[in-house]
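For reference, the structure is listed below as structure tokens.
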There are 2 protein chains.
Amino acid sequence: MSNLVMTSDQILASARSFIVSGGYNGFSYADIAGVVGIRKASIHHHFPSKVDLVRTLVARHREQTEAGMAELERKVPDPLALLQTYAGYWAKCIEDATIPFCVCALLASELPALPPEVAVEVRAYFGFLSSWLTEVMRRGAEKGVLQFDGSAEVEAEIFIATVHGAMLSARACGNPALFDAILTPTVRRLSTKIH
Amino acid sequence: MSNLVMTSDQILASARSFIVSGGYNGFSYADIAGVVGIRKASIHHHFPSKVDLVRTLVARHREQTEAGMAELERKVPDPLALLQTYAGYWAKCIEDATIPFCVCALLASELPALPPEVAVEVRAYFGFLSSWLTEVMRRGAEKGVLQFDGSAEVEAEIFIATVHGAMLSARACGNPALFDAILTPTVRRLSTKIH
DNA sequence: GACAGTCAACCTACTAGAAGGTAGGTAGGC
DNA sequence: GCCTACCTACCTTCTAGTAGGTTGACTGTC
């Protein structure tokens, strides 16, 4: 509790950074120890096992996302603006390379090989994202600011897929601007405003 | 040359299956040896290093994709039908669980942590996919069977992102049908036919 | 047709290093 | 006296990769 920045938070932060670049099996306790500046064994004091560490990381990421979305909805009530802000958040993270990928999207890609405790948390994140975006779509259609043919559920799933796919393409092409190039027309297409 | 199925092909096939489920660091030579039924050291005879193995795998995957697309274009000249066939191919692979994910999409997600020799091949795959789909979009708009607001390039990138994102969502939600639920309205939206 | 040489495809046995994890100790704060 | 946060030293298991040997099919040569 004495440190300016808690060690366990530093461990989680560097773990996220490693997972975002190479996945669950792409880093070791030794890697984290090197970054945080403590010994390998000390990480076990904070997180007894690697599974504990990553499960905590994903659970916290989901909680922060849920809190962030609730906060966002209070500040930005308009569903269209909400989608723009959400897409803009990721565009910024990718372009300034702070968080160039969603940790849950990366872990989801290797889901069949993930420890079950971690897999459960990753699925929970996707569950939340689906239900939140479905609600945004539903409300947008109701208010007349969003337009789409099918159901709000399907439209939400299309949007989630486009966001995660755009992250992947931006990474694969080594072109951070590609994310925005994909998301901007995607959001515009949902808008009822003349375009 | 004597075997009914060449051992090197079996090695590549099982490596692809392992990568598709857990990524580059999610399998070992011992895992492959167990599946193929030979000893670990014998894999080194066919592929001196893990990098050689995965580079060969990705390069071959790109070559097969290029050949498959060329073949497809001869059999299915209509750009809209082409998109439907492409989406349908993946829908089938995911639903019968033969290839539940694109090996290059998975490797792209861990691109920053990949050996450079493999990374180059993965980027080449995405480069081909972009140029092929851009050409399909361009021809579709020209013929009047596809409609979209922006450029063919951007529309192709949106389509690629949606396909890969849909794979991810289907995996994360443990629901293979989700892929088709996302792709069917996506292709329909591009169609000029009344819907 | 027998013989020797070559080579691909496997094998056993091994290595060094990295993996996650444990045992047990120390320093300092409450 | 106890607890948190760290440490050193160690363990077992797994990692990719190597050395060197065996087998059997194909070769050219006499």
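Every chain in the structure tokens takes a letter, A first, then B, and so on in the order presented; its residues are numbered from 1, and the ligands are numbered from 1 following the presented order.
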Show me which bits of chain D are within 9 Å of chain A, counting only C-alpha atoms (C1' of nucleotides), as a count of residues only.
3
Neighbours of chain B in chain C at 10 Å, counting only C-alpha atoms (C1' of nucleotides), as a ChimeraX atom specification:
/C:8-12
Next, write the just-selected residues to a file, as a compact mmCIF listing (two decimals), in the first residue's frame, keeping C-alpha atoms (C1' of nucleotides) as the atom set.
# COMPACT_ATOMS: atom_id res chain seq x y z
C1' DA C 8 15.41 -39.84 -47.38
C1' DA C 9 12.98 -40.81 -43.37
C1' DC C 10 12.89 -42.12 -39.39
C1' DC C 11 14.85 -43.41 -34.60
C1' DT C 12 17.17 -42.99 -29.48
I need the chain B residues near chain A as a list in words; criterion: at most 6 Å, counting only C-alpha atoms.
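Written out as asked, the residues are Ser21, Gly22, Asn25, Ala108, Ser109, Glu110, Pro112, Ala113, Arg123, Ile158, Ala161, Thr162, His164, Gly165, Ala166, Leu168, Ala172 and Ile182 of chain B.
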Applying 12 Å and only C-alpha atoms (C1' of nucleotides), which residues near DA13 in chain C remain after dropping the ones on its own chain fewer than 3 positions away? List them as number ranges by chain.
B: 41; D: 18-21
Distance C1' of DT22 in chain D-CA of Asp31 in chain B, one decimal place?
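Rounded to one decimal, the two atoms are 24.8 Å apart.
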Taking only C-alpha atoms (C1' of nucleotides) into account, name the residue in A:Met69, A:Met6, A:Ala30, A:Ala152 that is nearest to DA19 in chain C.
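Smallest distance to DA19 in chain C is found for A:Ala30.
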So which residues touch Leu72 in chain B within 10 Å, counting only C-alpha atoms (C1' of nucleotides), skipping near sequence neighbours fewer than 4 positions away, as a PyMOL selection string?
chain B and resi 66-68+76-77+82+85-86
Could you take the residues named above and write them with C-alpha atoms, as an mmCIF file, in the first residue's frame?
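Result written to part_21.cif:
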data_model
loop_
_atom_site.group_PDB
_atom_site.id
_atom_site.type_symbol
_atom_site.label_atom_id
_atom_site.label_comp_id
_atom_site.auth_asym_id
_atom_site.auth_seq_id
_atom_site.Cartn_x
_atom_site.Cartn_y
_atom_site.Cartn_z
ATOM 1 C CA GLU B 66 -4.669 -17.287 -54.332
ATOM 2 C CA ALA B 67 -5.248 -20.409 -56.414
ATOM 3 C CA GLY B 68 -8.661 -20.963 -54.822
ATOM 4 C CA VAL B 76 -18.458 -17.733 -60.291
ATOM 5 C CA PRO B 77 -18.042 -14.599 -62.399
ATOM 6 C CA LEU B 82 -18.422 -14.345 -55.238
ATOM 7 C CA THR B 85 -19.501 -18.007 -51.869
ATOM 8 C CA TYR B 86 -16.514 -16.631 -49.944
#
From the DSSP assignment of the backbone, select every residue of range 2-195 of chain A that is alpha helix (DSSP H), and format the answer as a compact mmCIF listing (two decimals) with N, CA and C atoms, in the first residue's frame.
# COMPACT_ATOMS: atom_id res chain seq x y z
N THR A 7 2.39 -2.26 -6.77
CA THR A 7 3.13 -3.24 -7.56
C THR A 7 2.18 -4.17 -8.32
N SER A 8 1.10 -4.58 -7.65
CA SER A 8 0.17 -5.50 -8.32
C SER A 8 -0.44 -4.85 -9.57
N ASP A 9 -0.65 -3.53 -9.50
CA ASP A 9 -1.17 -2.84 -10.69
C ASP A 9 -0.13 -2.77 -11.80
N GLN A 10 1.12 -2.59 -11.39
CA GLN A 10 2.20 -2.58 -12.39
C GLN A 10 2.31 -3.94 -13.07
N ILE A 11 2.16 -5.00 -12.26
CA ILE A 11 2.21 -6.36 -12.80
C ILE A 11 1.08 -6.55 -13.80
N LEU A 12 -0.13 -6.14 -13.42
CA LEU A 12 -1.29 -6.28 -14.30
C LEU A 12 -1.09 -5.47 -15.58
N ALA A 13 -0.56 -4.25 -15.44
CA ALA A 13 -0.36 -3.39 -16.60
C ALA A 13 0.64 -3.99 -17.59
N SER A 14 1.73 -4.54 -17.05
CA SER A 14 2.72 -5.09 -17.97
C SER A 14 2.23 -6.40 -18.56
N ALA A 15 1.45 -7.16 -17.78
CA ALA A 15 0.85 -8.39 -18.31
C ALA A 15 -0.09 -8.07 -19.47
N ARG A 16 -0.90 -7.02 -19.29
CA ARG A 16 -1.82 -6.64 -20.37
C ARG A 16 -1.04 -6.26 -21.62
N SER A 17 0.01 -5.48 -21.42
CA SER A 17 0.83 -5.07 -22.56
C SER A 17 1.43 -6.27 -23.29
N PHE A 18 1.89 -7.27 -22.52
CA PHE A 18 2.45 -8.48 -23.13
C PHE A 18 1.37 -9.29 -23.84
N ILE A 19 0.21 -9.46 -23.21
CA ILE A 19 -0.85 -10.25 -23.82
C ILE A 19 -1.33 -9.58 -25.10
N VAL A 20 -1.47 -8.26 -25.06
CA VAL A 20 -1.94 -7.51 -26.23
C VAL A 20 -0.98 -7.69 -27.41
N SER A 21 0.30 -7.90 -27.11
CA SER A 21 1.21 -8.07 -28.25
C SER A 21 1.42 -9.52 -28.65
N GLY A 22 1.25 -10.47 -27.70
CA GLY A 22 1.56 -11.85 -28.09
C GLY A 22 0.68 -12.95 -27.52
N TYR A 29 6.47 -15.08 -16.50
CA TYR A 29 6.70 -14.34 -15.25
C TYR A 29 8.04 -13.61 -15.30
N ALA A 30 9.01 -14.22 -15.95
CA ALA A 30 10.33 -13.59 -16.06
C ALA A 30 10.25 -12.29 -16.86
N ASP A 31 9.42 -12.28 -17.91
CA ASP A 31 9.25 -11.06 -18.72
C ASP A 31 8.69 -9.93 -17.87
N ILE A 32 7.65 -10.25 -17.11
CA ILE A 32 7.00 -9.24 -16.26
C ILE A 32 7.99 -8.75 -15.20
N ALA A 33 8.71 -9.68 -14.58
CA ALA A 33 9.70 -9.32 -13.56
C ALA A 33 10.70 -8.31 -14.12
N GLY A 34 11.12 -8.54 -15.37
CA GLY A 34 12.07 -7.64 -16.01
C GLY A 34 11.54 -6.23 -16.16
N VAL A 35 10.26 -6.13 -16.52
CA VAL A 35 9.65 -4.81 -16.74
C VAL A 35 9.37 -4.10 -15.42
N VAL A 36 8.76 -4.83 -14.48
CA VAL A 36 8.34 -4.21 -13.21
C VAL A 36 9.54 -3.92 -12.30
N LYS A 40 11.06 -12.72 -10.13
CA LYS A 40 10.03 -13.65 -10.60
C LYS A 40 9.16 -14.18 -9.46
N ALA A 41 9.81 -14.59 -8.38
CA ALA A 41 9.08 -15.20 -7.26
C ALA A 41 8.13 -14.21 -6.59
N SER A 42 8.47 -12.93 -6.65
CA SER A 42 7.64 -11.91 -5.99
C SER A 42 6.29 -11.75 -6.69
N ILE A 43 6.24 -12.07 -7.96
CA ILE A 43 4.97 -11.98 -8.69
C ILE A 43 3.99 -13.02 -8.12
N HIS A 44 4.56 -14.18 -7.74
CA HIS A 44 3.71 -15.24 -7.17
C HIS A 44 3.10 -14.80 -5.84
N HIS A 45 3.73 -13.86 -5.17
CA HIS A 45 3.16 -13.33 -3.92
C HIS A 45 1.85 -12.58 -4.22
N HIS A 46 1.83 -11.83 -5.33
CA HIS A 46 0.64 -11.07 -5.70
C HIS A 46 -0.38 -11.94 -6.45
N LYS A 50 -0.25 -18.08 -12.91
CA LYS A 50 -0.46 -17.29 -14.13
C LYS A 50 -1.95 -17.17 -14.42
N VAL A 51 -2.69 -18.25 -14.16
CA VAL A 51 -4.13 -18.23 -14.36
C VAL A 51 -4.77 -17.15 -13.48
N ASP A 52 -4.36 -17.09 -12.20
CA ASP A 52 -4.87 -16.04 -11.30
C ASP A 52 -4.62 -14.65 -11.88
N LEU A 53 -3.40 -14.46 -12.34
CA LEU A 53 -3.02 -13.15 -12.88
C LEU A 53 -3.90 -12.74 -14.05
N VAL A 54 -4.03 -13.64 -15.02
CA VAL A 54 -4.77 -13.28 -16.24
C VAL A 54 -6.27 -13.20 -15.97
N ARG A 55 -6.78 -14.09 -15.09
CA ARG A 55 -8.20 -14.03 -14.75
C ARG A 55 -8.52 -12.68 -14.09
N THR A 56 -7.68 -12.26 -13.16
CA THR A 56 -7.85 -10.97 -12.50
C THR A 56 -7.81 -9.83 -13.51
N LEU A 57 -6.84 -9.92 -14.42
CA LEU A 57 -6.69 -8.90 -15.45
C LEU A 57 -7.95 -8.75 -16.30
N VAL A 58 -8.48 -9.88 -16.77
CA VAL A 58 -9.64 -9.84 -17.65
C VAL A 58 -10.89 -9.39 -16.89
N ALA A 59 -11.03 -9.91 -15.66
CA ALA A 59 -12.19 -9.52 -14.84
C ALA A 59 -12.18 -8.01 -14.60
N ARG A 60 -11.00 -7.48 -14.25
CA ARG A 60 -10.89 -6.05 -14.00
C ARG A 60 -11.16 -5.25 -15.27
N HIS A 61 -10.68 -5.76 -16.41
CA HIS A 61 -10.91 -5.09 -17.68
C HIS A 61 -12.40 -4.99 -18.00
N ARG A 62 -13.14 -6.06 -17.68
CA ARG A 62 -14.57 -6.05 -17.93
C ARG A 62 -15.26 -5.06 -17.00
N GLU A 63 -14.86 -5.08 -15.74
CA GLU A 63 -15.46 -4.14 -14.77
C GLU A 63 -15.22 -2.70 -15.18
N GLN A 64 -13.98 -2.41 -15.60
CA GLN A 64 -13.65 -1.05 -16.03
C GLN A 64 -14.43 -0.66 -17.27
N THR A 65 -14.62 -1.63 -18.17
CA THR A 65 -15.38 -1.36 -19.39
C THR A 65 -16.84 -1.06 -19.03
N GLU A 66 -17.41 -1.88 -18.14
CA GLU A 66 -18.80 -1.67 -17.72
C GLU A 66 -18.96 -0.30 -17.08
N ALA A 67 -18.02 0.05 -16.19
CA ALA A 67 -18.07 1.35 -15.54
C ALA A 67 -17.91 2.48 -16.55
N GLY A 68 -16.97 2.28 -17.48
CA GLY A 68 -16.70 3.29 -18.51
C GLY A 68 -17.90 3.54 -19.39
N MET A 69 -18.62 2.49 -19.74
CA MET A 69 -19.79 2.62 -20.61
C MET A 69 -20.93 3.33 -19.87
N ALA A 70 -21.08 2.99 -18.59
CA ALA A 70 -22.13 3.64 -17.79
C ALA A 70 -21.85 5.14 -17.69
N GLU A 71 -20.59 5.47 -17.41
CA GLU A 71 -20.14 6.87 -17.34
C GLU A 71 -20.38 7.57 -18.68
N LEU A 72 -20.03 6.88 -19.75
CA LEU A 72 -20.16 7.43 -21.11
C LEU A 72 -21.63 7.73 -21.43
N GLU A 73 -22.52 6.82 -21.04
CA GLU A 73 -23.93 7.00 -21.35
C GLU A 73 -24.52 8.21 -20.64
N ARG A 74 -23.96 8.53 -19.45
CA ARG A 74 -24.44 9.71 -18.74
C ARG A 74 -23.98 10.98 -19.45
N LYS A 75 -22.73 10.95 -19.92
CA LYS A 75 -22.16 12.13 -20.57
C LYS A 75 -22.66 12.31 -22.00
N PRO A 79 -27.36 7.93 -28.95
CA PRO A 79 -26.81 6.65 -29.38
C PRO A 79 -25.79 6.77 -30.52
N LEU A 80 -26.03 7.64 -31.48
CA LEU A 80 -25.08 7.80 -32.59
C LEU A 80 -23.75 8.35 -32.08
N ALA A 81 -23.84 9.38 -31.24
CA ALA A 81 -22.63 9.96 -30.65
C ALA A 81 -21.88 8.94 -29.79
N LEU A 82 -22.66 8.05 -29.17
CA LEU A 82 -22.09 6.99 -28.33
C LEU A 82 -21.22 6.05 -29.18
N LEU A 83 -21.75 5.66 -30.33
CA LEU A 83 -20.99 4.79 -31.23
C LEU A 83 -19.74 5.50 -31.73
N GLN A 84 -19.89 6.79 -32.04
CA GLN A 84 -18.74 7.58 -32.52
C GLN A 84 -17.67 7.69 -31.45
N THR A 85 -18.12 7.90 -30.20
CA THR A 85 -17.16 8.02 -29.08
C THR A 85 -16.45 6.71 -28.83
N TYR A 86 -17.24 5.62 -28.87
CA TYR A 86 -16.66 4.28 -28.66
C TYR A 86 -15.62 3.97 -29.73
N ALA A 87 -15.97 4.21 -30.98
CA ALA A 87 -15.03 3.97 -32.08
C ALA A 87 -13.83 4.91 -31.97
N GLY A 88 -14.10 6.15 -31.58
CA GLY A 88 -13.04 7.14 -31.45
C GLY A 88 -12.05 6.80 -30.34
N TYR A 89 -12.58 6.20 -29.26
CA TYR A 89 -11.72 5.78 -28.16
C TYR A 89 -10.68 4.78 -28.65
N TRP A 90 -11.15 3.76 -29.37
CA TRP A 90 -10.22 2.74 -29.89
C TRP A 90 -9.30 3.31 -30.96
N ALA A 91 -9.85 4.21 -31.78
CA ALA A 91 -9.01 4.83 -32.82
C ALA A 91 -7.82 5.54 -32.18
N LYS A 92 -8.09 6.23 -31.06
CA LYS A 92 -7.03 6.96 -30.36
C LYS A 92 -6.02 5.97 -29.74
N CYS A 93 -6.55 4.94 -29.05
CA CYS A 93 -5.68 3.94 -28.43
C CYS A 93 -4.75 3.28 -29.45
N ILE A 94 -5.30 3.01 -30.64
CA ILE A 94 -4.51 2.33 -31.67
C ILE A 94 -3.50 3.30 -32.30
N GLU A 95 -3.97 4.52 -32.53
CA GLU A 95 -3.10 5.46 -33.23
C GLU A 95 -1.93 5.95 -32.38
N VAL A 103 -7.48 -6.51 -25.19
CA VAL A 103 -6.93 -7.70 -24.55
C VAL A 103 -7.92 -8.88 -24.62
N CYS A 104 -9.21 -8.59 -24.55
CA CYS A 104 -10.21 -9.66 -24.60
C CYS A 104 -10.38 -10.19 -26.02
N ALA A 105 -10.24 -9.32 -27.00
CA ALA A 105 -10.33 -9.77 -28.39
C ALA A 105 -9.18 -10.71 -28.68
N LEU A 106 -7.99 -10.36 -28.21
CA LEU A 106 -6.83 -11.23 -28.44
C LEU A 106 -6.99 -12.57 -27.74
N LEU A 107 -7.42 -12.53 -26.48
CA LEU A 107 -7.60 -13.78 -25.74
C LEU A 107 -8.72 -14.62 -26.35
N ALA A 108 -9.75 -13.96 -26.87
CA ALA A 108 -10.85 -14.70 -27.50
C ALA A 108 -10.37 -15.50 -28.70
N SER A 109 -9.39 -14.94 -29.42
CA SER A 109 -8.90 -15.64 -30.60
C SER A 109 -8.23 -16.97 -30.24
N PRO A 116 -9.69 -22.71 -18.53
CA PRO A 116 -11.14 -22.46 -18.42
C PRO A 116 -11.49 -21.24 -17.58
N GLU A 117 -10.73 -21.01 -16.49
CA GLU A 117 -11.02 -19.87 -15.61
C GLU A 117 -10.90 -18.55 -16.37
N VAL A 118 -9.93 -18.49 -17.28
CA VAL A 118 -9.73 -17.28 -18.08
C VAL A 118 -10.80 -17.20 -19.17
N ALA A 119 -11.08 -18.33 -19.80
CA ALA A 119 -12.06 -18.38 -20.89
C ALA A 119 -13.42 -17.86 -20.44
N VAL A 120 -13.82 -18.24 -19.23
CA VAL A 120 -15.10 -17.79 -18.67
C VAL A 120 -15.16 -16.26 -18.62
N GLU A 121 -14.07 -15.64 -18.17
CA GLU A 121 -14.05 -14.19 -18.05
C GLU A 121 -14.09 -13.51 -19.42
N VAL A 122 -13.41 -14.11 -20.38
CA VAL A 122 -13.39 -13.54 -21.74
C VAL A 122 -14.80 -13.58 -22.34
N ARG A 123 -15.48 -14.70 -22.15
CA ARG A 123 -16.85 -14.82 -22.65
C ARG A 123 -17.77 -13.80 -21.99
N ALA A 124 -17.54 -13.57 -20.70
CA ALA A 124 -18.35 -12.59 -19.97
C ALA A 124 -18.18 -11.20 -20.57
N TYR A 125 -16.94 -10.87 -20.98
CA TYR A 125 -16.69 -9.56 -21.60
C TYR A 125 -17.49 -9.43 -22.89
N PHE A 126 -17.44 -10.46 -23.73
CA PHE A 126 -18.19 -10.43 -24.98
C PHE A 126 -19.69 -10.36 -24.73
N GLY A 127 -20.13 -11.06 -23.70
CA GLY A 127 -21.55 -11.02 -23.33
C GLY A 127 -21.99 -9.62 -22.97
N PHE A 128 -21.17 -8.95 -22.17
CA PHE A 128 -21.51 -7.58 -21.79
C PHE A 128 -21.55 -6.67 -23.01
N LEU A 129 -20.50 -6.76 -23.85
CA LEU A 129 -20.39 -5.89 -25.02
C LEU A 129 -21.61 -6.07 -25.94
N SER A 130 -22.02 -7.32 -26.14
CA SER A 130 -23.19 -7.61 -26.98
C SER A 130 -24.44 -6.95 -26.42
N SER A 131 -24.67 -7.15 -25.14
CA SER A 131 -25.92 -6.63 -24.57
C SER A 131 -25.91 -5.10 -24.53
N TRP A 132 -24.74 -4.52 -24.23
CA TRP A 132 -24.67 -3.06 -24.19
C TRP A 132 -24.93 -2.45 -25.58
N LEU A 133 -24.25 -2.99 -26.61
CA LEU A 133 -24.41 -2.44 -27.96
C LEU A 133 -25.80 -2.71 -28.52
N THR A 134 -26.39 -3.85 -28.15
CA THR A 134 -27.76 -4.14 -28.58
C THR A 134 -28.71 -3.06 -28.06
N GLU A 135 -28.49 -2.71 -26.79
CA GLU A 135 -29.33 -1.68 -26.17
C GLU A 135 -29.14 -0.32 -26.84
N VAL A 136 -27.88 -0.01 -27.18
CA VAL A 136 -27.58 1.25 -27.88
C VAL A 136 -28.28 1.28 -29.23
N MET A 137 -28.20 0.18 -29.96
CA MET A 137 -28.83 0.08 -31.28
C MET A 137 -30.35 0.23 -31.17
N ARG A 138 -30.92 -0.47 -30.20
CA ARG A 138 -32.37 -0.45 -30.00
C ARG A 138 -32.84 0.98 -29.72
N ARG A 139 -32.12 1.64 -28.80
CA ARG A 139 -32.50 2.99 -28.43
C ARG A 139 -32.30 3.98 -29.59
N GLY A 140 -31.23 3.74 -30.37
CA GLY A 140 -30.95 4.60 -31.53
C GLY A 140 -32.05 4.50 -32.57
N ALA A 141 -32.54 3.27 -32.79
CA ALA A 141 -33.61 3.07 -33.77
C ALA A 141 -34.90 3.70 -33.27
N GLU A 142 -35.15 3.52 -31.98
CA GLU A 142 -36.36 4.06 -31.35
C GLU A 142 -36.41 5.58 -31.47
N LYS A 143 -35.24 6.21 -31.20
CA LYS A 143 -35.15 7.68 -31.27
C LYS A 143 -35.06 8.18 -32.70
N ALA A 152 -31.83 -5.20 -33.69
CA ALA A 152 -30.78 -4.49 -32.94
C ALA A 152 -29.68 -5.46 -32.53
N GLU A 153 -30.07 -6.71 -32.18
CA GLU A 153 -29.09 -7.73 -31.78
C GLU A 153 -28.07 -7.97 -32.90
N VAL A 154 -28.59 -8.24 -34.10
CA VAL A 154 -27.72 -8.55 -35.24
C VAL A 154 -26.85 -7.33 -35.58
N GLU A 155 -27.45 -6.14 -35.55
CA GLU A 155 -26.70 -4.93 -35.86
C GLU A 155 -25.56 -4.71 -34.86
N ALA A 156 -25.83 -5.02 -33.61
CA ALA A 156 -24.80 -4.91 -32.57
C ALA A 156 -23.66 -5.89 -32.84
N GLU A 157 -24.01 -7.11 -33.22
CA GLU A 157 -22.98 -8.13 -33.51
C GLU A 157 -22.15 -7.73 -34.72
N ILE A 158 -22.79 -7.15 -35.73
CA ILE A 158 -22.05 -6.68 -36.92
C ILE A 158 -21.06 -5.60 -36.51
N PHE A 159 -21.52 -4.71 -35.64
CA PHE A 159 -20.66 -3.60 -35.20
C PHE A 159 -19.46 -4.11 -34.40
N ILE A 160 -19.70 -5.02 -33.47
CA ILE A 160 -18.61 -5.61 -32.68
C ILE A 160 -17.60 -6.29 -33.59
N ALA A 161 -18.11 -7.07 -34.54
CA ALA A 161 -17.23 -7.78 -35.47
C ALA A 161 -16.39 -6.79 -36.27
N THR A 162 -17.01 -5.71 -36.71
CA THR A 162 -16.28 -4.72 -37.52
C THR A 162 -15.17 -4.06 -36.70
N VAL A 163 -15.48 -3.72 -35.44
CA VAL A 163 -14.48 -3.09 -34.56
C VAL A 163 -13.28 -4.02 -34.35
N HIS A 164 -13.54 -5.27 -33.98
CA HIS A 164 -12.44 -6.20 -33.71
C HIS A 164 -11.69 -6.56 -34.99
N GLY A 165 -12.42 -6.71 -36.07
CA GLY A 165 -11.77 -7.00 -37.36
C GLY A 165 -10.92 -5.84 -37.83
N ALA A 166 -11.38 -4.63 -37.56
CA ALA A 166 -10.61 -3.43 -37.95
C ALA A 166 -9.32 -3.32 -37.16
N MET A 167 -9.37 -3.71 -35.87
CA MET A 167 -8.14 -3.76 -35.06
C MET A 167 -7.14 -4.71 -35.69
N LEU A 168 -7.66 -5.86 -36.09
CA LEU A 168 -6.80 -6.89 -36.68
C LEU A 168 -6.19 -6.41 -38.00
N SER A 169 -7.00 -5.81 -38.84
CA SER A 169 -6.50 -5.32 -40.14
C SER A 169 -5.46 -4.23 -39.94
N ALA A 170 -5.73 -3.32 -39.00
CA ALA A 170 -4.78 -2.23 -38.72
C ALA A 170 -3.44 -2.81 -38.29
N ARG A 171 -3.49 -3.84 -37.45
CA ARG A 171 -2.26 -4.50 -36.99
C ARG A 171 -1.58 -5.25 -38.12
N ALA A 172 -2.37 -6.00 -38.89
CA ALA A 172 -1.79 -6.83 -39.97
C ALA A 172 -1.14 -5.96 -41.04
N ALA A 177 -4.10 3.95 -39.06
CA ALA A 177 -5.17 4.77 -39.63
C ALA A 177 -6.26 3.92 -40.26
N LEU A 178 -5.93 2.66 -40.57
CA LEU A 178 -6.91 1.78 -41.22
C LEU A 178 -8.12 1.54 -40.32
N PHE A 179 -7.89 1.52 -38.99
CA PHE A 179 -9.01 1.32 -38.07
C PHE A 179 -10.07 2.39 -38.29
N ASP A 180 -9.64 3.64 -38.29
CA ASP A 180 -10.57 4.76 -38.47
C ASP A 180 -11.18 4.75 -39.88
N ALA A 181 -10.38 4.36 -40.85
CA ALA A 181 -10.86 4.31 -42.23
C ALA A 181 -12.01 3.32 -42.37
N ILE A 182 -12.02 2.28 -41.53
CA ILE A 182 -13.08 1.27 -41.55
C ILE A 182 -14.27 1.73 -40.70
N LEU A 183 -13.97 2.27 -39.52
CA LEU A 183 -15.05 2.60 -38.56
C LEU A 183 -15.86 3.83 -38.96
N THR A 184 -15.20 4.85 -39.51
CA THR A 184 -15.93 6.08 -39.86
C THR A 184 -17.08 5.81 -40.84
N PRO A 185 -16.84 5.15 -41.99
CA PRO A 185 -17.97 4.86 -42.87
C PRO A 185 -18.98 3.89 -42.26
N THR A 186 -18.51 3.00 -41.36
CA THR A 186 -19.42 2.04 -40.72
C THR A 186 -20.42 2.77 -39.82
N VAL A 187 -19.93 3.74 -39.06
CA VAL A 187 -20.82 4.51 -38.18
C VAL A 187 -21.73 5.42 -39.03
N ARG A 188 -21.15 5.99 -40.08
CA ARG A 188 -21.93 6.90 -40.94
C ARG A 188 -23.12 6.16 -41.57
N ARG A 189 -22.88 4.90 -41.95
CA ARG A 189 -23.92 4.11 -42.59
C ARG A 189 -25.11 3.86 -41.65
N LEU A 190 -24.81 3.83 -40.33
CA LEU A 190 -25.87 3.62 -39.33
C LEU A 190 -26.65 4.90 -39.05
Tell me which of C:DA18, C:DC7, C:DA23, C:DC30 sits closest to DT23 in chain D, counting only C-alpha atoms (C1' of nucleotides).
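Of C:DA18, C:DC7, C:DA23, C:DC30, the one nearest DT23 in chain D, counting only C-alpha atoms (C1' of nucleotides), is C:DC7.
Ranking B:Pro176, B:Asp96, B:Phe47, B:Asp78 by their shortest atom-to-atom distance to DG17 in chain D, with only C-alpha atoms (C1' of nucleotides) included, puts B:Phe47 first.
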C1' of DC14 in chain C to C1' of DC11 in chain D: how many Å, to one decimal?
20.7 Å
For the contact check between chain D and range 2-6 of chain C, emit one row per residue of chain D within 9 Å, containing the shortest atom pair and the distance in Å rounded to one decimal, counting only C-alpha atoms (C1' of nucleotides), chain then rising number order, as JSON lines.
{"residue": "D:DC26", "atom": "C1'", "partner": "C:DT6", "partner_atom": "C1'", "distance": 8.7}
{"residue": "D:DT27", "atom": "C1'", "partner": "C:DT6", "partner_atom": "C1'", "distance": 7.5}
{"residue": "D:DG28", "atom": "C1'", "partner": "C:DG5", "partner_atom": "C1'", "distance": 8.9}
{"residue": "D:DT29", "atom": "C1'", "partner": "C:DC3", "partner_atom": "C1'", "distance": 8.6}
{"residue": "D:DC30", "atom": "C1'", "partner": "C:DC3", "partner_atom": "C1'", "distance": 8.6}
Deliver the residues from the most recent selection as a file, using N, CA and C atoms (P, O5', C5', C4', C3', O3' and C1' of nucleotides), as a short mmCIF file (atom, residue, chain, number, x, y, z; two decimals), in the first residue's frame.
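Result file follows (out.cif):
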data_model
loop_
_atom_site.label_atom_id
_atom_site.label_comp_id
_atom_site.auth_asym_id
_atom_site.auth_seq_id
_atom_site.Cartn_x
_atom_site.Cartn_y
_atom_site.Cartn_z
P DC D 26 11.41 -47.81 -54.45
"O5'" DC D 26 12.73 -47.23 -55.13
"C5'" DC D 26 12.97 -45.83 -55.13
"C4'" DC D 26 14.43 -45.57 -55.45
"C3'" DC D 26 14.88 -45.95 -56.88
"O3'" DC D 26 15.21 -44.76 -57.58
"C1'" DC D 26 16.49 -46.54 -55.24
P DT D 27 15.48 -44.82 -59.15
"O5'" DT D 27 17.07 -45.05 -59.25
"C5'" DT D 27 17.94 -43.93 -59.11
"C4'" DT D 27 19.35 -44.37 -58.81
"C3'" DT D 27 20.11 -44.97 -59.99
"O3'" DT D 27 20.64 -43.94 -60.78
"C1'" DT D 27 20.65 -46.01 -57.89
P DG D 28 20.79 -44.13 -62.35
"O5'" DG D 28 22.31 -44.63 -62.44
"C5'" DG D 28 23.35 -43.88 -61.83
"C4'" DG D 28 24.51 -44.80 -61.49
"C3'" DG D 28 25.21 -45.43 -62.69
"O3'" DG D 28 26.61 -45.30 -62.52
"C1'" DG D 28 24.58 -47.11 -61.14
P DT D 29 27.59 -45.66 -63.73
"O5'" DT D 29 28.15 -47.08 -63.28
"C5'" DT D 29 28.77 -47.21 -61.99
"C4'" DT D 29 29.24 -48.65 -61.77
"C3'" DT D 29 29.85 -49.32 -63.00
"O3'" DT D 29 31.09 -49.95 -62.65
"C1'" DT D 29 28.16 -50.70 -62.08
P DC D 30 32.13 -50.30 -63.79
"O5'" DC D 30 32.24 -51.89 -63.69
"C5'" DC D 30 32.68 -52.48 -62.45
"C4'" DC D 30 32.10 -53.88 -62.34
"C3'" DC D 30 32.54 -54.86 -63.43
"O3'" DC D 30 33.28 -55.93 -62.85
"C1'" DC D 30 30.18 -54.99 -63.03
#
